[in-house]
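Student: This is the structure I have questions about; it appears just below.
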There are 2 protein chains.
Amino acid sequence: MVDIAVMGHGVVGSGVVELLIKNHDSIEKKTGGIGINVKYILDLRDFTGTPYDEKFTKSFDDILNDDSVKIVVEVMGGCHPAYEYAMACMNRGKCVVTSNKELVAQFGYQLLAAARDNNVSFLFEASVGGGIPIIRPLHQCLAANEISEIAGILNGTSNYILTKMFKEGADFASALAEAQRLGYAERNPAADVEGMDTCRKICILASLSFGKHIYPDAVETVGITGITKTDVAYAERWGGTIKLIGRAKMLENGKVFIRTSPAVLRYGSQLAGVDDVFNGILVRGDAIGDCVFYGKGAGKMPTASAVVADVIDQTKHIGRIPKRVFWGPAEDGWVESADRCAEKQMVRAAFSAPGMAEKQVSDTFGDVDYIHISGRPENELCFVTSEISYGKLSELKSVLENEAVRVESCIPIFEC
Amino acid sequence: MVDIAVMGHGVVGSGVVELLIKNHDSIEKKTGGIGINVKYILDLRDFTGTPYDEKFTKSFDDILNDDSVKIVVEVMGGCHPAYEYAMACMNRGKCVVTSNKELVAQFGYQLLAAARDNNVSFLFEASVGGGIPIIRPLHQCLAANEISEIAGILNGTSNYILTKMFKEGADFASALAEAQRLGYAERNPAADVEGMDTCRKICILASLSFGKHIYPDAVETVGITGITKTDVAYAERWGGTIKLIGRAKMLENGKVFIRTSPAVLRYGSQLAGVDDVFNGILVRGDAIGDCVFYGKGAGKMPTASAVVADVIDQTKHIGRIPKRVFWGPAEDGWVESADRCAEKQMVRAAFSAPGMAEKQVSDTFGDVDYIHISGRPENELCFVTSEISYGKLSELKSVLENEAVRVESCIPIFEC
């Protein structure tokens, strides 16, 4: 039997404890008969009436100083004190398993280095994609591949909202309200709808795929709060949908393009059918080609499932070789400046002189594909450009704006 | 550096050697600096002009008797001598990695037992789903789950043919001919189109998911050779498509339902959009819910990618704990008799007395949902039954046939 501690008894933490109890027998079998015992649950709040009241402690030191505790599950969320606790545990020879994407995105390099130096494991399957297996498949199953690109619908809340907007014609505000009513969105939905959650997850995936740590603040991040019913109508007319996509790609110059933003996906492309609260992750490797992982990207039991899988894996390795995942620090300038990265854009603009509009567009953007919808205002045009860098894009937007054209939206086209 | 041998230099075998050379540097890094050296390639044929002519041998004993060879890759195909060679290698303390689904489906239990007894690993990620990571995710990442069901489009050749039939209105023969022209189907396509390949793969997935070996000959297997353009038209009208599905499910009585056959899937369901040569695998677990894995299920480099990932993983474990996958033998009767398994069926039949047809249907099948297409022969009816066991189905078919009704096709509905 291996003693473990679970730090945090919120949604995921309580799911972890429940799952370890519910599937106790099969889990014991999968650990080769070793079995897993939750010795401590750390939470500052009081819990009574659970079947395991006696396990609760409010003191981190109980866990840290108990050498029988070999694995510590960190499901508190936030960076502090999660970072300090995780470091302290590893420095005392304990393995750490986490579901905390903020922690991994911000301190992954330091935590992995501490794991290596202390000859323990730091595992984080649950930090991306909820229960969808993605970290281990990327790290182990696709190890023979050079990964060239990874992209995903990584936030269930925004995906639910966008799906509502497309399938039911809802606007952003009412779709958000519905998501909150159903418990899919938090009362403060900023991290989800403004893209920060997606940004953290694509940082983790890109760091793992390309081997160097990418920090969230190096990533241009746009959320979905600006998406309107008009954008939805044009995207549909073009034959596509809009998804919040985190994406990272190795460029020919050896640098990395990474971005979080809404993007227009053509229907039938590999991620366009991922709807509602589901996540989908596309991995492109030189040998495998394209590979997609799909499932519930959040929620109590899916996330707990990923945490417990890491705990089981670690239990099998107790006293033996630690699981070794590692990425290094990135050199300055390794993440390519957004200004130099190019994508096609769906641009929507209002023109003061409708008779001149198409000439103004071709004078600035060259050849474009217009999207026509019935009932559009006479002074509005929407078109898809050829590939254009973000630097050039803001330059051309300024040109148009100087000519009294109001650029309403620019949404990149994501081809996959 | 770890010395390995590759037995077989066909499509997959040559891909394995090429991939180990092409991605040599990143693979060395992923093995923690150990590196992988192909010391022998076993093939009875002569190969000259490769960059590694000196590695070829025609003698299995060269490999078996060389104690420096720690890992043997079996990519010869077929059960014999693959089985004997794999057993001999493990009995001499070598780990074995294979892509051979026929071997694993037929002898998985014996091979895994030999691996356990010799304290070595037997790995077979490439045997199902080509390069799609599925074996390790099932075994490790979803370890916290009780798997209740697993189902997949597991054969790219049949899926290509069915996609052609639906998207281009081709009939089976011309779609097969096109698949052969493009190299997607072999000259003798029996194993693919008659379902045996899918059957072997679902046996492997079910054995792993449910922990007991299921042999291919215990699985009712129907191929796609009987699917007609008329079936396609009715399925489309119903709002679905037809896919060759291998599926296995834990029943409430503790037995397993397992079957390989064409099935009607409603558009929008999770596997219905998996087209062309792609594979898709749906796993249903108690904690994760549904999870889908999608990608290229065959081909030289995707399959080689999975083989090399196993070799890398094994290399990291050399001299340490072997990777432990195991399933036991199944008791008699563990696979539920097909007669007692129930599914909804899409039934198409020709009636000698059209005026009596609907009465004959309701007298035998009770309430059904009729599917109407324009231009159907007056004496033809197609309908979807409620859930009905295969035993009852053949009984009712006999009743109809005694009434001079010709049952043209029965295709189960697969709801997922």
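By convention here, the chains of the structure tokens are called A, B, ... in the order presented, each chain's residues are numbered starting at 1, and ligands are numbered starting at 1 in the order presented.
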Would you return as a VMD selection string the members of segment 128-365 of chain B that DSSP assigns to helix (DSSP H, G or I) on this structure's backbone?
Tutor: chain B and resid 135 to 141 156 to 168 172 to 181 190 to 193 196 to 210 216 to 218 229 to 238 300 to 316 338 to 340 354 to 365
Student: Based on only C-alpha atoms, which of the residues in chain A come within 8 Å of chain B? I want them as a PyMOL selection string.
Tutor: chain A and resi 19-20+23+26-27+30+131-133+136-137+140-146+287-296+301-306+308-310+312-313+320-321
Student: Which residues are near Phe122 of chain B? Cut-off 9 Å, only C-alpha atoms, ignore same chain within fewer than 2 positions. Put them as number ranges by chain.
Tutor: B: 86, 90, 95-98, 111-112, 114-116, 120, 124, 322-325
Student: Output N, CA and C atoms for every residue in the selection just made, as a compact mmCIF listing (two decimals), in the first residue's frame.
Tutor:
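Dumped to again-v5.txt:
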# COMPACT_ATOMS: atom_id res chain seq x y z
N ALA B 86 9.05 -14.76 -31.22
CA ALA B 86 8.80 -13.84 -30.10
C ALA B 86 8.98 -14.57 -28.77
N MET B 90 11.82 -13.80 -25.82
CA MET B 90 11.50 -13.47 -24.43
C MET B 90 12.10 -14.49 -23.48
N CYS B 95 13.25 -8.14 -24.74
CA CYS B 95 11.92 -7.55 -24.87
C CYS B 95 11.47 -7.62 -26.31
N VAL B 96 10.17 -7.73 -26.51
CA VAL B 96 9.63 -7.81 -27.87
C VAL B 96 8.62 -6.69 -28.09
N VAL B 97 8.73 -6.04 -29.25
CA VAL B 97 7.79 -5.01 -29.68
C VAL B 97 7.19 -5.48 -31.00
N THR B 98 5.87 -5.44 -31.13
CA THR B 98 5.28 -5.93 -32.38
C THR B 98 4.18 -5.01 -32.89
N LEU B 111 1.75 -14.73 -24.86
CA LEU B 111 2.92 -13.86 -25.00
C LEU B 111 3.09 -12.97 -23.77
N LEU B 112 1.98 -12.45 -23.26
CA LEU B 112 2.06 -11.60 -22.07
C LEU B 112 2.49 -12.42 -20.85
N ALA B 114 4.44 -15.06 -21.00
CA ALA B 114 5.88 -15.31 -21.17
C ALA B 114 6.69 -14.08 -20.79
N ALA B 115 6.16 -12.90 -21.14
CA ALA B 115 6.85 -11.66 -20.77
C ALA B 115 6.94 -11.55 -19.25
N ARG B 116 5.82 -11.80 -18.59
CA ARG B 116 5.79 -11.73 -17.13
C ARG B 116 6.77 -12.74 -16.51
N VAL B 120 10.40 -9.54 -18.75
CA VAL B 120 10.68 -8.65 -19.88
C VAL B 120 9.35 -8.01 -20.31
N PHE B 124 2.80 -3.69 -27.84
CA PHE B 124 2.10 -3.88 -29.12
C PHE B 124 1.22 -2.69 -29.49
N PRO B 322 10.22 -3.92 -16.05
CA PRO B 322 9.62 -4.06 -17.38
C PRO B 322 8.23 -3.45 -17.40
N LYS B 323 7.82 -2.96 -18.57
CA LYS B 323 6.45 -2.49 -18.73
C LYS B 323 5.53 -3.68 -18.53
N ARG B 324 4.51 -3.51 -17.73
CA ARG B 324 3.68 -4.64 -17.39
C ARG B 324 2.25 -4.44 -17.87
N VAL B 325 1.93 -5.13 -18.96
CA VAL B 325 0.54 -5.20 -19.42
C VAL B 325 0.17 -6.66 -19.25
Student: Applying 7 Å and only C-alpha atoms, which residues near Ile204 of chain B remain after dropping the ones on its own chain fewer than 3 positions away? List them as a VMD selection string.
Tutor: chain B and resid 104 to 105 200 to 201 207 to 208
Student: Show which residues sit within 8 Å of segment 370-383 of chain A, as a list in words. Count only C-alpha atoms, and ignore same-chain residues fewer than 5 positions away.
Tutor: Ala233, Tyr234, Arg237, Trp238, Met346, Val347, Arg348, Ala349, Ala350, Phe351, Ser352, Ala353, Pro354 and Ala357 of chain A
Student: For the residues selected in the previous step, produce a file with all heavy atoms as an mmCIF file, in the first residue's frame.
Tutor:
data_model
loop_
_atom_site.group_PDB
_atom_site.id
_atom_site.type_symbol
_atom_site.label_atom_id
_atom_site.label_comp_id
_atom_site.auth_asym_id
_atom_site.auth_seq_id
_atom_site.Cartn_x
_atom_site.Cartn_y
_atom_site.Cartn_z
ATOM 1 N N ALA A 233 -22.665 34.839 -38.750
ATOM 2 C CA ALA A 233 -23.366 34.717 -40.031
ATOM 3 C C ALA A 233 -22.379 34.645 -41.209
ATOM 4 O O ALA A 233 -22.526 33.822 -42.115
ATOM 5 C CB ALA A 233 -24.318 35.907 -40.214
ATOM 6 N N TYR A 234 -21.357 35.492 -41.185
ATOM 7 C CA TYR A 234 -20.369 35.459 -42.273
ATOM 8 C C TYR A 234 -19.578 34.144 -42.267
ATOM 9 O O TYR A 234 -19.310 33.560 -43.316
ATOM 10 C CB TYR A 234 -19.416 36.658 -42.184
ATOM 11 C CG TYR A 234 -20.004 37.934 -42.744
ATOM 12 C CD1 TYR A 234 -20.353 39.002 -41.925
ATOM 13 C CD2 TYR A 234 -20.207 38.076 -44.121
ATOM 14 C CE1 TYR A 234 -20.891 40.173 -42.436
ATOM 15 C CE2 TYR A 234 -20.746 39.252 -44.657
ATOM 16 C CZ TYR A 234 -21.090 40.301 -43.812
ATOM 17 O OH TYR A 234 -21.618 41.451 -44.330
ATOM 18 N N ARG A 237 -21.685 31.447 -43.722
ATOM 19 C CA ARG A 237 -21.840 31.609 -45.167
ATOM 20 C C ARG A 237 -20.594 31.119 -45.890
ATOM 21 O O ARG A 237 -20.650 30.563 -46.980
ATOM 22 C CB ARG A 237 -22.104 33.088 -45.478
ATOM 23 C CG ARG A 237 -22.406 33.389 -46.926
ATOM 24 C CD ARG A 237 -23.818 32.885 -47.272
ATOM 25 N NE ARG A 237 -24.058 32.967 -48.699
ATOM 26 C CZ ARG A 237 -23.665 32.035 -49.555
ATOM 27 N NH1 ARG A 237 -23.038 30.948 -49.129
ATOM 28 N NH2 ARG A 237 -23.925 32.174 -50.849
ATOM 29 N N TRP A 238 -19.458 31.325 -45.268
ATOM 30 C CA TRP A 238 -18.174 30.899 -45.853
ATOM 31 C C TRP A 238 -18.030 29.374 -45.801
ATOM 32 O O TRP A 238 -17.198 28.788 -46.477
ATOM 33 C CB TRP A 238 -17.040 31.569 -45.068
ATOM 34 C CG TRP A 238 -15.659 31.262 -45.559
ATOM 35 C CD1 TRP A 238 -15.051 31.779 -46.663
ATOM 36 C CD2 TRP A 238 -14.700 30.375 -44.956
ATOM 37 N NE1 TRP A 238 -13.764 31.272 -46.785
ATOM 38 C CE2 TRP A 238 -13.528 30.404 -45.750
ATOM 39 C CE3 TRP A 238 -14.712 29.570 -43.819
ATOM 40 C CZ2 TRP A 238 -12.388 29.658 -45.451
ATOM 41 C CZ3 TRP A 238 -13.587 28.822 -43.519
ATOM 42 C CH2 TRP A 238 -12.444 28.873 -44.334
ATOM 43 N N MET A 346 -10.317 36.616 -41.829
ATOM 44 C CA MET A 346 -11.649 37.029 -42.247
ATOM 45 C C MET A 346 -11.857 38.434 -41.682
ATOM 46 O O MET A 346 -11.920 38.618 -40.465
ATOM 47 C CB MET A 346 -12.722 36.075 -41.704
ATOM 48 C CG MET A 346 -14.148 36.442 -42.169
ATOM 49 S SD MET A 346 -15.427 35.272 -41.593
ATOM 50 C CE MET A 346 -15.913 36.052 -40.040
ATOM 51 N N VAL A 347 -11.916 39.426 -42.576
ATOM 52 C CA VAL A 347 -12.006 40.831 -42.153
ATOM 53 C C VAL A 347 -13.407 41.358 -42.447
ATOM 54 O O VAL A 347 -13.958 41.110 -43.522
ATOM 55 C CB VAL A 347 -10.964 41.685 -42.917
ATOM 56 C CG1 VAL A 347 -11.069 43.157 -42.502
ATOM 57 C CG2 VAL A 347 -9.559 41.153 -42.684
ATOM 58 N N ARG A 348 -13.957 42.060 -41.478
ATOM 59 C CA ARG A 348 -15.271 42.666 -41.680
ATOM 60 C C ARG A 348 -15.126 44.159 -41.401
ATOM 61 O O ARG A 348 -14.538 44.550 -40.388
ATOM 62 C CB ARG A 348 -16.282 42.041 -40.722
ATOM 63 C CG ARG A 348 -17.697 42.578 -40.835
ATOM 64 C CD ARG A 348 -18.685 41.644 -40.141
ATOM 65 N NE ARG A 348 -18.463 41.581 -38.709
ATOM 66 C CZ ARG A 348 -18.953 42.469 -37.830
ATOM 67 N NH1 ARG A 348 -19.683 43.506 -38.251
ATOM 68 N NH2 ARG A 348 -18.727 42.328 -36.537
ATOM 69 N N ALA A 349 -15.618 44.983 -42.311
ATOM 70 C CA ALA A 349 -15.407 46.425 -42.149
ATOM 71 C C ALA A 349 -16.608 47.216 -42.653
ATOM 72 O O ALA A 349 -17.369 46.749 -43.504
ATOM 73 C CB ALA A 349 -14.148 46.854 -42.902
ATOM 74 N N ALA A 350 -16.777 48.426 -42.097
ATOM 75 C CA ALA A 350 -17.845 49.338 -42.522
ATOM 76 C C ALA A 350 -17.195 50.509 -43.267
ATOM 77 O O ALA A 350 -16.232 51.112 -42.765
ATOM 78 C CB ALA A 350 -18.618 49.841 -41.308
ATOM 79 N N PHE A 351 -17.714 50.777 -44.444
ATOM 80 C CA PHE A 351 -17.105 51.783 -45.315
ATOM 81 C C PHE A 351 -17.979 53.029 -45.357
ATOM 82 O O PHE A 351 -19.210 52.937 -45.414
ATOM 83 C CB PHE A 351 -16.933 51.202 -46.724
ATOM 84 C CG PHE A 351 -15.936 50.086 -46.774
ATOM 85 C CD1 PHE A 351 -16.268 48.814 -46.299
ATOM 86 C CD2 PHE A 351 -14.646 50.297 -47.253
ATOM 87 C CE1 PHE A 351 -15.348 47.788 -46.316
ATOM 88 C CE2 PHE A 351 -13.724 49.277 -47.274
ATOM 89 C CZ PHE A 351 -14.078 48.016 -46.805
ATOM 90 N N SER A 352 -17.336 54.201 -45.376
ATOM 91 C CA SER A 352 -18.118 55.435 -45.405
ATOM 92 C C SER A 352 -18.612 55.733 -46.824
ATOM 93 O O SER A 352 -19.653 56.358 -46.995
ATOM 94 C CB SER A 352 -17.289 56.602 -44.868
ATOM 95 O OG SER A 352 -16.058 56.640 -45.547
ATOM 96 N N ALA A 353 -17.872 55.237 -47.809
ATOM 97 C CA ALA A 353 -18.298 55.467 -49.192
ATOM 98 C C ALA A 353 -18.461 54.117 -49.892
ATOM 99 O O ALA A 353 -17.517 53.603 -50.490
ATOM 100 C CB ALA A 353 -17.251 56.309 -49.928
ATOM 101 N N PRO A 354 -19.665 53.526 -49.780
ATOM 102 C CA PRO A 354 -19.862 52.165 -50.279
ATOM 103 C C PRO A 354 -19.413 51.978 -51.731
ATOM 104 O O PRO A 354 -18.880 50.921 -52.085
ATOM 105 C CB PRO A 354 -21.374 51.954 -50.136
ATOM 106 C CG PRO A 354 -21.771 52.858 -49.011
ATOM 107 C CD PRO A 354 -20.887 54.057 -49.143
ATOM 108 N N ALA A 357 -15.817 51.013 -51.797
ATOM 109 C CA ALA A 357 -15.370 50.000 -50.839
ATOM 110 C C ALA A 357 -14.472 48.927 -51.459
ATOM 111 O O ALA A 357 -13.361 48.668 -50.985
ATOM 112 C CB ALA A 357 -16.583 49.371 -50.163
#
Student: Out of B:Val73, B:Val2, B:Leu176, B:Ala272, which residue has the shortest atom-to-atom distance to Asn188 of chain B when counting only C-alpha atoms?
Tutor: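 Going through B:Val73, B:Val2, B:Leu176, B:Ala272 one by one, the smallest distance to Asn188 of chain B is for B:Leu176.
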Student: Smallest atom-to-atom distance to Ala218 of chain A: which of A:Asp25, A:Asp61, A:Glu336, A:Glu343, using only C-alpha atoms?
Tutor: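 Answer, going by the shortest atom-to-atom distance: A:Glu336.
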Student: Which distance in Å separates atom CA of Val256 of chain B and atom CA of Phe107 of chain B, to one decimal?
Tutor: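 Taking atom CA of Val256 of chain B and atom CA of Phe107 of chain B, their separation equals 19.5 Å.
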Student: Any idea what the distance is between atom CA of Gly254 of chain A and atom CA of Ser127 of chain A?
Tutor: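 Interatomic distance, atom CA of Gly254 of chain A to atom CA of Ser127 of chain A: 26.9 Å.
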Student: Quick one: distance from atom CA of Leu44 of chain B to atom CA of Lys101 of chain B in Å, one decimal?
Tutor: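 One can read the atom CA of Leu44 of chain B to atom CA of Lys101 of chain B distance as 21.6 Å.
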Student: Find, counting only C-alpha atoms, the residue in A:Gly78, A:Gly35, A:Gly152, A:Gly333 that gets nearest to Cys416 of chain A.
Tutor: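 Closest candidate: A:Gly152.
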